[in-house]
Amino acid sequence: MSTNWQFEAEAKKALDIEKKEEKAAPPEPLERKKTPNAEIPKIVENGKKLLEHLKKQVPSSLFSVDKEQFIGHTLLPKVSDQHKLILRNLINTFLEEMRRLGASDIDLGGMGSQKKVWFRIHGDKKPLEILGNYEITEFDILIQSILLASQLEDLYERRNVDFSYTFSSSERQLYRNRANVAFDLNALSLNMRAIETRARRFDQYGFHPHVAKNLHLKYTKEGLILVTGITGSGKSTTLDAIVELNNQTVPAHVIIIASPVEFVHTPKRCIIRHREVGRDTTSFKQGTIEALRQDPDIIIIGEMRDPDTIMSALEVADSGHKVFSTLHTSSAVESIDRIIAEVPTTEQDRIRNRLADVLRVVMSQKLVQTIAGDRVMAKEVMVMTPSIRAAIKNNNVNEIYQMISEGHQWGMNTIEQDLARLYFERRITKETAINYANNKRRMQQLLKMA
């Protein structure tokens, strides 16, 4: 049996690798610079003039998809390479400012943006005046200018398209972004989320050694591990840190199925395959089935968003593989209920038993506003024990919350206990702790007990 000191030695080895990489890393990343690019006014002016010129060529009689198809099929193909470069330079300047400000997201386009470019900074949406004001059609042209022909057709047909976008900053550093374009009152809106340039260090999460062993291929070769939370809670970042821990410490084969692929891992001790839904495979379910024929040790399923994907994940974990995935749920109990509820009533007993057998860890996380103005992670951790397994099989899921709150020796804690910890460390306010709690009554009890 592996001991805690053996795991800690392995983790220390991984951290030593990270520190060596940090010494050889490029200069301080762009997002930490305090002053904006001095070329912004000129770039904005040139882009605005071109967009105004192109807008005049869009017939005022066209609306919705007809207008967007005219822009994509007729207008943009006639734009010169030089003018396309001006448009690309404008959108890249927006994204460079997003990095400089430390923003997580950028939003633009449609009536809702009020002609402005918006950023989410430490949880708050804010427009940036220096980037200019744009008419709805101007934003439509700008958004479509960064899409591939196949992506344009998906957009026209489905009224929505997901993709990844990579650009090179003025300092020649490559940045990746997760992007979504959708229709908004017959116009286009764009959201991009910044993807970190390097994976977060695993030790920053402060996981209990028993939890960490469950995430490490060296100690557990199979089972299902879930990272859950609302959109923007850092699920992908957590998965990337787990992948890097294994990448640096064990020789293995990791297959990542994502929509879209966000952080691209550099293989170290592992072979790492990145498969994007819609480009490299047709769906999460299909990618999961295909992965079984590729000799994997670890399979990362970006999201269990439908019953078919959930069933595939359970089957793969049951076949003896280590599977990681995400759900949009805020607690371990809700995650278990969600999975079981996704199948017909006649199948629920069978799925309940299978889930109890394959589930190993559920981590539910939230990014919480701190007193200092930034954000910090609060997390709930459930580790499978015989008592929790029995509660799932016997349909007594409501008993699991208490088991988590009393499972400190296994590294378990409820989200309320973690919020209380952050409050006692004077990192968040009492009001914030209560607002982010799932069980507000229990949260108030914990605060009063102190």
# chains A, B, ... in the order shown; residues from 1 in each chain; ligands from 1

$ residues_around --residues "segment 360-371 of chain A" --least-positions-apart "3" --cutoff "7 Å" --atoms "only C-alpha atoms" --output "MDAnalysis selection string"
chainID A and resid 223:229 233 330:332 374:384 427:429

$ select_by_dssp --residues "segment 303-351 of chain A" --states "strand (DSSP E)" --output "PyMOL selection string"
chain A and resi 322-327

$ atom_distance --atom1 "atom CA of Arg273 of chain A" --atom2 "atom CA of Ile257 of chain A"
8.4 Å

$ closest_atom_pairs --of "segment 205-317 of chain A" --to "segment 142-161 of chain A" --cutoff "12 Å" --atoms "only C-alpha atoms" --output "JSON lines"
{"residue": "A:Ser259", "atom": "CA", "partner": "A:Val161", "partner_atom": "CA", "distance": 10.5}
{"residue": "A:Pro260", "atom": "CA", "partner": "A:Val161", "partner_atom": "CA", "distance": 10.3}
{"residue": "A:Val277", "atom": "CA", "partner": "A:Val161", "partner_atom": "CA", "distance": 11.8}
{"residue": "A:Gly278", "atom": "CA", "partner": "A:Gln151", "partner_atom": "CA", "distance": 10.0}
{"residue": "A:Arg279", "atom": "CA", "partner": "A:Ser150", "partner_atom": "CA", "distance": 10.2}

$ closest_residue --among "A:Ala313, A:Leu188, A:Pro344, A:Trp410" --to "Lys213 of chain A" --atoms "only C-alpha atoms"
A:Trp410

$ residues_around --residues "segment 239-249 of chain A" --least-positions-apart "5" --cutoff "10 Å" --atoms "only C-alpha atoms" --output "NGL selection string"
:A and (10-18 or 196 or 198-205 or 212 or 215-218 or 226-227 or 234 or 254 or 256 or 262-272 or 298 or 300 or 302 or 324-326)

$ closest_residue --among "A:Asn191, A:Asn186, A:Thr346, A:Asn396" --to "Asp66 of chain A" --atoms "only C-alpha atoms"
A:Asn186

$ atom_distance --atom1 "atom CA of His210 of chain A" --atom2 "atom CA of Met412 of chain A"
9.4 Å

$ residues_around --residues "Ala437 of chain A" --least-positions-apart "6" --cutoff "7 Å" --atoms "only C-alpha atoms" --output "NGL selection string"
:A and (415-416 or 443)

$ residues_around --residues "segment 127-141 of chain A" --least-positions-apart "6" --cutoff "8 Å" --atoms "only C-alpha atoms" --output "list in words"
Ile40, Pro41, Val44, Lys48, Leu51, Glu52, Leu54, Lys55, Glu68, Ile71, Leu76, Phe94, Leu108, Gly109, Gly110, Met111, Lys115, Lys116, Val117, Trp118, Phe119, Ala187, Leu188 and Ser189 of chain A

$ select_by_dssp --residues "segment 198-434 of chain A" --states "helix (DSSP H, G or I)" --output "PyMOL selection string"
chain A and resi 202-205+209-215+235-249+284-294+307-318+332-341+345-358+386-393+397-405+408-410+415-424+430-434

$ atom_distance --atom1 "atom CA of Asp318 of chain A" --atom2 "atom CA of Arg354 of chain A"
7.6 Å

$ closest_residue --among "A:Ala179, A:Gln69, A:Met403, A:Lys125" --to "Pro386 of chain A" --atoms "only C-alpha atoms"
A:Met403

$ residues_around --residues "Leu85 of chain A" --least-positions-apart "6" --cutoff "12 Å" --atoms "only C-alpha atoms" --output "list of chain:residue names"
A:Ile43, A:Asn46, A:Gly47, A:Leu50, A:Val79, A:Ile91, A:Asn92, A:Thr93, A:Leu142, A:Ser145, A:Ile146
